[in-house]
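The structure under discussion appears below in the form of structure tokens.
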Amino acid sequence: MDRRTALKTVGGAVAAAAASTLSFPAIAASKAPIKVGILHSLSGTMAISETALKDVDLMTIAEINAAGGVDGHKIEPVVVDPASNWPLFAEKARQLISQDKVAAIFGCWTSVSRKSVLPVLDELNGLLFYPVQFEGQEQNKHVVYTGAAPNQQAIPATEYLMSKDGGGAKRFFLLGTDYVYPRTTNAILRGFLHSKGVKDADIAEVYTPFGFSNYQNIVADIKKFASAGPTCVISTVNGDSNVPFYKELGNQGIKATDIPVVGFSIAEQEIAGMDIKPLVGQLTAWNYFESLKNPRNAKFVKSWQDWVKKEKLKDYPVTDDPMEASYIGIHLWKQAVEKAKSTKTDEVRKALIGQKFAAPDGYTVEVLENQYLSKPVFIGQINDKAQFDVVWKSKGLVPGESWSPYIPKPKNA
């Protein structure tokens, strides 16, 4: 499934000075625009997921500008395409900060893309808002983590699968794309499962490259593994590989009632263009679903649908968790800049701690000292309308943890 790859430039005058170093007293008279970077893959294997984030970023910026901007200053987005090329993320981040003089960057999806950008952020004192669930095990002062940490997604989902309501799984097939997020998340899950008395013989772990499409043998192995007892699949497959994986589950007759699959990188945007029949009943865990019933979410969904129509986007008019996390991140940055009366990274970062935002998920999320968020957790079951029915939710907000207790903390942390 292809995404739009054409870049959209949203106009505005060039900032009077470098946005990353400007403070409001210096620009109050001119009300010059503030540049921000949008760093998402619009081509390559991750475009299936990331293009919608670029578009929701542009929608959010347009809404803020229409409401008066950031203390009267318009936001001017600079969109670049790192093309699912991890070293290119670093190159584009350097361009955004050094040449385009952006005040902050909103972007990345895979952890390898985020980690490729970290040295640039450290060197140039940049600020990245990262909107996707990930493996944690990181705390960098130049990153605000608006997506889920493992204790806000992977651990609750695994606990649910082990429960009576979740199927009472005794065996666990860990399937992921071969890079840092799946491998680290699965190391955390293995440690968690050990703490619950699960033996290594009841845990399988398989990885495939980005863009992998031939899941015939792997799905056959899942069926064989499941013959020894109640089994679930925990999928950290990323990008367009999700399409052939779920298709092959259907081809081999695997139903959710037989072998439940929980996917951590499959949401409304991904399943909108897929054959829904083999997916019905399968699970995912996120901090937001489009199907949530509350006034803020109704407004968010309507805004997105209107934007899709107005901009004549080829993307599917659905919202999902990383889109909400992107939306939250831009609003939190706006609030912090207005509180700090500055776009300087150090001042904005200080102002971010404790910032709250009434999110479309129906909760008021908060930026914690570790620059993670407190967020709700939902487990959803795919229905025949390509939406998710919530089957479990946390009792309240869950604070994001930088470091998992189930694997050793890095020595340099």
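By order in the structure tokens, chains are A, B, ...; within a chain, residues start at 1; ligands start at 1, following the order shown.
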Problem set entry | Selection: 9 Å around Val198 in chain A, only C-alpha atoms, excl. self and same-chain fewer than 5 positions, as a list in words | Lys170, Arg171, Arg190, Phe192, Leu193 and Ile203 of chain A
For this session: Just the residues within 7 Å of Val367 in chain A, please, counting only C-alpha atoms, with nothing from its chain fewer than 5 positions along; format it as a list in words.
Result: Leu352, Ile353, Gly354, Gln355, Lys356, Tyr372, Leu373 and Ser374 of chain A
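Closest approach to Lys375 in chain A from the set A:Ser342, A:Thr185, A:Asn65, A:Gln133 is made by A:Gln133, with distances taken over only C-alpha atoms.
Closest approach to Trp333 in chain A among A:Tyr363, A:Ala104, A:Lys31, A:Leu283: A:Ala104, based on only C-alpha atoms.
Straight-line separation from CA of Gly147 in chain A to CA of Val70 in chain A: 23.4 Å.
Here the question is which of A:Gly167, A:Gly136, A:Gly72, A:Pro408 gets nearest to Val261 in chain A using only C-alpha atoms, and that residue is A:Gly167.
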Problem set entry | range 109-113 of chain A environment, 8 Å, only C-alpha atoms, sequence neighbours closer than 3 positions dropped, as JSON, numbers by chain | {"A": [40, 46, 50, 85, 86, 87, 89, 90, 116, 117, 130, 131, 132, 134, 135, 179, 180, 181]}
Keeping only N, CA, C and O atoms, write the selected residues as an mmCIF file, in the first residue's frame.
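The new file selection12.cif reads:
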```
data_model
loop_
_atom_site.group_PDB
_atom_site.id
_atom_site.type_symbol
_atom_site.label_atom_id
_atom_site.label_comp_id
_atom_site.auth_asym_id
_atom_site.auth_seq_id
_atom_site.Cartn_x
_atom_site.Cartn_y
_atom_site.Cartn_z
ATOM 1 N N HIS A 40 9.745 12.744 8.622
ATOM 2 C CA HIS A 40 9.076 11.452 8.487
ATOM 3 C C HIS A 40 9.305 10.876 7.097
ATOM 4 O O HIS A 40 9.361 11.619 6.104
ATOM 5 N N MET A 46 8.721 2.375 5.343
ATOM 6 C CA MET A 46 8.003 2.962 6.470
ATOM 7 C C MET A 46 6.985 4.026 6.071
ATOM 8 O O MET A 46 6.276 4.553 6.922
ATOM 9 N N GLU A 50 4.365 6.359 8.249
ATOM 10 C CA GLU A 50 4.839 7.696 8.595
ATOM 11 C C GLU A 50 4.194 8.843 7.821
ATOM 12 O O GLU A 50 4.150 9.978 8.311
ATOM 13 N N ASN A 85 15.530 5.637 5.178
ATOM 14 C CA ASN A 85 16.989 5.439 5.133
ATOM 15 C C ASN A 85 17.557 5.991 6.439
ATOM 16 O O ASN A 85 17.576 7.199 6.655
ATOM 17 N N TRP A 86 18.026 5.085 7.324
ATOM 18 C CA TRP A 86 18.356 5.506 8.690
ATOM 19 C C TRP A 86 19.469 6.539 8.754
ATOM 20 O O TRP A 86 19.340 7.538 9.479
ATOM 21 N N PRO A 87 20.596 6.395 8.024
ATOM 22 C CA PRO A 87 21.604 7.464 8.065
ATOM 23 C C PRO A 87 21.075 8.791 7.519
ATOM 24 O O PRO A 87 21.508 9.859 7.954
ATOM 25 N N PHE A 89 18.215 10.037 8.038
ATOM 26 C CA PHE A 89 17.526 10.750 9.110
ATOM 27 C C PHE A 89 18.479 11.726 9.803
ATOM 28 O O PHE A 89 18.115 12.859 10.108
ATOM 29 N N ALA A 90 19.695 11.272 10.069
ATOM 30 C CA ALA A 90 20.680 12.133 10.728
ATOM 31 C C ALA A 90 21.040 13.315 9.835
ATOM 32 O O ALA A 90 21.147 14.465 10.295
ATOM 33 N N SER A 116 19.744 7.269 15.214
ATOM 34 C CA SER A 116 20.668 7.888 14.259
ATOM 35 C C SER A 116 20.657 9.410 14.378
ATOM 36 O O SER A 116 21.634 10.084 14.049
ATOM 37 N N VAL A 117 19.549 9.954 14.888
ATOM 38 C CA VAL A 117 19.406 11.403 15.030
ATOM 39 C C VAL A 117 19.998 11.906 16.345
ATOM 40 O O VAL A 117 20.411 13.070 16.445
ATOM 41 N N TYR A 130 9.202 12.642 19.693
ATOM 42 C CA TYR A 130 9.159 11.309 19.088
ATOM 43 C C TYR A 130 7.806 10.669 19.401
ATOM 44 O O TYR A 130 7.494 10.409 20.569
ATOM 45 N N PRO A 131 6.969 10.360 18.377
ATOM 46 C CA PRO A 131 5.565 10.047 18.626
ATOM 47 C C PRO A 131 5.165 8.574 18.540
ATOM 48 O O PRO A 131 3.980 8.289 18.347
ATOM 49 N N VAL A 132 6.113 7.666 18.683
ATOM 50 C CA VAL A 132 5.793 6.258 18.416
ATOM 51 C C VAL A 132 6.173 5.377 19.601
ATOM 52 O O VAL A 132 7.151 5.651 20.306
ATOM 53 N N PHE A 134 7.882 2.478 21.614
ATOM 54 C CA PHE A 134 9.262 2.043 21.409
ATOM 55 C C PHE A 134 9.714 1.221 22.598
ATOM 56 O O PHE A 134 8.935 0.896 23.495
ATOM 57 N N GLU A 135 10.989 0.870 22.615
ATOM 58 C CA GLU A 135 11.523 -0.079 23.588
ATOM 59 C C GLU A 135 11.963 0.555 24.904
ATOM 60 O O GLU A 135 12.362 -0.162 25.836
ATOM 61 N N TYR A 179 15.543 -5.142 14.126
ATOM 62 C CA TYR A 179 16.255 -3.923 14.518
ATOM 63 C C TYR A 179 16.049 -3.711 16.007
ATOM 64 O O TYR A 179 15.500 -4.573 16.710
ATOM 65 N N VAL A 180 16.472 -2.569 16.522
ATOM 66 C CA VAL A 180 16.621 -2.390 17.965
ATOM 67 C C VAL A 180 15.293 -2.479 18.722
ATOM 68 O O VAL A 180 15.233 -3.077 19.804
ATOM 69 N N TYR A 181 14.219 -1.880 18.196
ATOM 70 C CA TYR A 181 12.958 -1.884 18.951
ATOM 71 C C TYR A 181 12.428 -3.291 19.202
ATOM 72 O O TYR A 181 12.157 -3.659 20.354
#
```
For this session: Pick out each residue of range 20-181 of chain A that DSSP on the backbone tags as strand (DSSP E or B); I need them as JSON, numbers by chain.
Result: {"A": [23, 34, 35, 36, 37, 38, 39, 70, 73, 75, 76, 77, 78, 79, 80, 105, 106, 107, 128, 129, 130, 143, 144, 145, 171, 172, 173, 174, 175, 176, 177]}
From the DSSP assignment of the backbone, select every residue of range 156-208 of chain A that is helix (DSSP H, G or I), and format the answer as a compact mmCIF listing (two decimals) with all heavy atoms, in the first residue's frame.
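Listing of selection-v3.txt after writing:
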```txt
# COMPACT_ATOMS: atom_id res chain seq x y z
N PRO A 156 1.51 -4.61 29.52
CA PRO A 156 0.07 -4.83 29.74
C PRO A 156 -0.55 -5.78 28.73
O PRO A 156 -1.42 -6.59 29.09
CB PRO A 156 -0.53 -3.42 29.61
CG PRO A 156 0.60 -2.49 29.89
CD PRO A 156 1.82 -3.17 29.38
N ALA A 157 -0.12 -5.72 27.47
CA ALA A 157 -0.66 -6.61 26.45
C ALA A 157 -0.32 -8.06 26.74
O ALA A 157 -1.15 -8.97 26.58
CB ALA A 157 -0.15 -6.21 25.07
N THR A 158 0.91 -8.30 27.16
CA THR A 158 1.33 -9.68 27.47
C THR A 158 0.60 -10.21 28.69
O THR A 158 0.17 -11.37 28.72
CB THR A 158 2.85 -9.72 27.68
OG1 THR A 158 3.51 -9.18 26.52
CG2 THR A 158 3.33 -11.14 27.90
N GLU A 159 0.44 -9.36 29.69
CA GLU A 159 -0.35 -9.76 30.86
C GLU A 159 -1.77 -10.13 30.47
O GLU A 159 -2.34 -11.10 30.98
CB GLU A 159 -0.36 -8.63 31.90
CG GLU A 159 0.94 -8.45 32.64
CD GLU A 159 0.87 -7.37 33.70
OE1 GLU A 159 0.40 -6.27 33.38
OE2 GLU A 159 1.28 -7.64 34.85
N TYR A 160 -2.35 -9.36 29.57
CA TYR A 160 -3.72 -9.65 29.13
C TYR A 160 -3.78 -11.00 28.42
O TYR A 160 -4.70 -11.80 28.66
CB TYR A 160 -4.20 -8.55 28.19
CG TYR A 160 -5.58 -8.81 27.63
CD1 TYR A 160 -6.73 -8.61 28.40
CD2 TYR A 160 -5.75 -9.27 26.33
CE1 TYR A 160 -7.99 -8.86 27.91
CE2 TYR A 160 -7.01 -9.53 25.81
CZ TYR A 160 -8.13 -9.32 26.61
OH TYR A 160 -9.38 -9.59 26.11
N LEU A 161 -2.81 -11.29 27.56
CA LEU A 161 -2.79 -12.56 26.83
C LEU A 161 -2.65 -13.75 27.78
O LEU A 161 -3.13 -14.84 27.49
CB LEU A 161 -1.65 -12.57 25.82
CG LEU A 161 -1.84 -11.65 24.60
CD1 LEU A 161 -0.52 -11.46 23.87
CD2 LEU A 161 -2.90 -12.21 23.66
N MET A 162 -2.01 -13.53 28.91
CA MET A 162 -1.84 -14.60 29.90
C MET A 162 -3.09 -14.79 30.76
O MET A 162 -3.25 -15.83 31.40
CB MET A 162 -0.63 -14.29 30.79
CG MET A 162 0.69 -14.20 30.04
SD MET A 162 2.07 -13.69 31.10
CE MET A 162 2.41 -15.22 31.97
N VAL A 180 16.47 -2.57 16.52
CA VAL A 180 16.62 -2.39 17.97
C VAL A 180 15.29 -2.48 18.72
O VAL A 180 15.23 -3.08 19.80
CB VAL A 180 17.36 -1.07 18.28
CG1 VAL A 180 16.60 0.13 17.77
CG2 VAL A 180 17.64 -0.95 19.77
N TYR A 181 14.22 -1.88 18.20
CA TYR A 181 12.96 -1.88 18.95
C TYR A 181 12.43 -3.29 19.20
O TYR A 181 12.16 -3.66 20.35
CB TYR A 181 11.91 -1.01 18.25
CG TYR A 181 10.49 -1.34 18.64
CD1 TYR A 181 10.06 -1.19 19.96
CD2 TYR A 181 9.58 -1.82 17.70
CE1 TYR A 181 8.76 -1.51 20.33
CE2 TYR A 181 8.28 -2.14 18.06
CZ TYR A 181 7.88 -1.99 19.38
OH TYR A 181 6.60 -2.33 19.74
N PRO A 182 12.26 -4.14 18.17
CA PRO A 182 11.77 -5.49 18.45
C PRO A 182 12.71 -6.31 19.34
O PRO A 182 12.25 -7.02 20.25
CB PRO A 182 11.63 -6.12 17.06
CG PRO A 182 11.43 -4.94 16.15
CD PRO A 182 12.32 -3.89 16.72
N ARG A 183 14.00 -6.22 19.09
CA ARG A 183 14.94 -7.04 19.88
C ARG A 183 14.97 -6.60 21.34
O ARG A 183 14.98 -7.45 22.25
CB ARG A 183 16.34 -6.99 19.25
CG ARG A 183 16.45 -7.82 17.97
CD ARG A 183 17.88 -7.99 17.51
NE ARG A 183 17.98 -8.89 16.37
CZ ARG A 183 18.08 -10.21 16.46
NH1 ARG A 183 18.09 -10.79 17.66
NH2 ARG A 183 18.18 -10.95 15.37
N THR A 184 14.96 -5.30 21.59
CA THR A 184 14.99 -4.84 22.98
C THR A 184 13.66 -5.11 23.66
O THR A 184 13.62 -5.54 24.83
CB THR A 184 15.34 -3.34 23.05
OG1 THR A 184 16.56 -3.11 22.36
CG2 THR A 184 15.48 -2.89 24.49
N THR A 185 12.56 -4.85 22.96
CA THR A 185 11.24 -5.13 23.53
C THR A 185 11.10 -6.61 23.87
O THR A 185 10.58 -6.97 24.95
CB THR A 185 10.12 -4.71 22.57
OG1 THR A 185 10.20 -3.29 22.35
CG2 THR A 185 8.75 -5.05 23.11
N ASN A 186 11.57 -7.47 22.99
CA ASN A 186 11.47 -8.90 23.26
C ASN A 186 12.40 -9.36 24.38
O ASN A 186 12.08 -10.30 25.12
CB ASN A 186 11.73 -9.70 21.98
CG ASN A 186 10.58 -9.61 21.00
OD1 ASN A 186 9.45 -9.32 21.39
ND2 ASN A 186 10.85 -9.83 19.73
N ALA A 187 13.54 -8.68 24.55
CA ALA A 187 14.39 -8.98 25.70
C ALA A 187 13.66 -8.62 26.99
O ALA A 187 13.72 -9.36 27.99
CB ALA A 187 15.70 -8.21 25.59
N ILE A 188 12.96 -7.49 26.96
CA ILE A 188 12.16 -7.08 28.13
C ILE A 188 11.03 -8.09 28.38
O ILE A 188 10.80 -8.51 29.53
CB ILE A 188 11.59 -5.66 27.92
CG1 ILE A 188 12.72 -4.63 27.95
CG2 ILE A 188 10.53 -5.33 28.96
CD1 ILE A 188 12.31 -3.25 27.49
N LEU A 189 10.35 -8.49 27.31
CA LEU A 189 9.25 -9.45 27.47
C LEU A 189 9.74 -10.81 27.95
O LEU A 189 9.09 -11.46 28.76
CB LEU A 189 8.49 -9.60 26.15
CG LEU A 189 7.65 -8.40 25.73
CD1 LEU A 189 6.97 -8.65 24.39
CD2 LEU A 189 6.60 -8.07 26.79
N ARG A 190 10.89 -11.23 27.46
CA ARG A 190 11.45 -12.50 27.94
C ARG A 190 11.73 -12.43 29.44
O ARG A 190 11.44 -13.36 30.19
CB ARG A 190 12.71 -12.86 27.15
CG ARG A 190 13.25 -14.26 27.42
CD ARG A 190 14.47 -14.55 26.56
NE ARG A 190 14.11 -14.81 25.17
CZ ARG A 190 13.83 -16.01 24.68
NH1 ARG A 190 13.86 -17.08 25.48
NH2 ARG A 190 13.53 -16.17 23.41
N GLY A 191 12.31 -11.31 29.88
CA GLY A 191 12.56 -11.14 31.31
C GLY A 191 11.27 -11.11 32.11
O GLY A 191 11.19 -11.70 33.20
N PHE A 192 10.26 -10.44 31.57
CA PHE A 192 8.95 -10.41 32.23
C PHE A 192 8.35 -11.81 32.32
O PHE A 192 7.84 -12.22 33.37
CB PHE A 192 8.00 -9.47 31.48
CG PHE A 192 6.58 -9.58 31.92
CD1 PHE A 192 6.17 -9.03 33.12
CD2 PHE A 192 5.63 -10.24 31.13
CE1 PHE A 192 4.85 -9.13 33.54
CE2 PHE A 192 4.32 -10.35 31.54
CZ PHE A 192 3.92 -9.80 32.75
N LEU A 193 8.41 -12.55 31.21
CA LEU A 193 7.84 -13.90 31.20
C LEU A 193 8.59 -14.81 32.17
O LEU A 193 7.97 -15.63 32.87
CB LEU A 193 7.88 -14.47 29.78
CG LEU A 193 6.93 -13.80 28.78
CD1 LEU A 193 7.21 -14.27 27.36
CD2 LEU A 193 5.47 -14.07 29.16
N HIS A 194 9.90 -14.67 32.25
CA HIS A 194 10.67 -15.44 33.24
C HIS A 194 10.17 -15.14 34.64
O HIS A 194 10.08 -16.05 35.49
CB HIS A 194 12.16 -15.11 33.13
CG HIS A 194 12.82 -15.67 31.91
ND1 HIS A 194 14.08 -15.29 31.49
CD2 HIS A 194 12.41 -16.61 31.01
CE1 HIS A 194 14.41 -15.94 30.40
NE2 HIS A 194 13.41 -16.75 30.09
N SER A 195 9.87 -13.86 34.91
CA SER A 195 9.41 -13.48 36.25
C SER A 195 8.06 -14.10 36.58
O SER A 195 7.69 -14.22 37.75
CB SER A 195 9.31 -11.95 36.37
OG SER A 195 8.17 -11.44 35.69
N ASP A 200 12.20 -20.85 28.92
CA ASP A 200 12.66 -20.50 27.57
C ASP A 200 12.11 -21.45 26.52
O ASP A 200 11.92 -21.06 25.36
CB ASP A 200 14.19 -20.50 27.51
CG ASP A 200 14.78 -19.21 28.07
OD1 ASP A 200 14.13 -18.15 27.95
OD2 ASP A 200 15.89 -19.25 28.63
N ALA A 201 11.86 -22.71 26.90
CA ALA A 201 11.32 -23.68 25.95
C ALA A 201 9.94 -23.28 25.45
O ALA A 201 9.50 -23.75 24.39
CB ALA A 201 11.26 -25.06 26.60
N ASP A 202 9.27 -22.41 26.19
CA ASP A 202 7.93 -21.97 25.80
C ASP A 202 7.94 -20.58 25.17
O ASP A 202 6.90 -19.93 25.05
CB ASP A 202 7.00 -21.97 27.03
CG ASP A 202 6.72 -23.39 27.51
OD1 ASP A 202 6.46 -24.26 26.65
OD2 ASP A 202 6.77 -23.61 28.73
```
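Shortest separation to Lys409 in chain A among A:Lys224, A:Gln139, A:Lys339, A:Thr60 occurs at residue A:Gln139, atoms counted being only C-alpha atoms.
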Exercise. Near range 238-254 of chain A, within 10 Å and counting only C-alpha atoms, which residues show up once chain neighbours fewer than 2 positions away are dropped, as a PyMOL selection string?
Worked result: chain A and resi 1-2+44-50+84+109-110+176-179+181-182+208-220+222-223+235-236+256-261+263-266+270-271+273-279+282
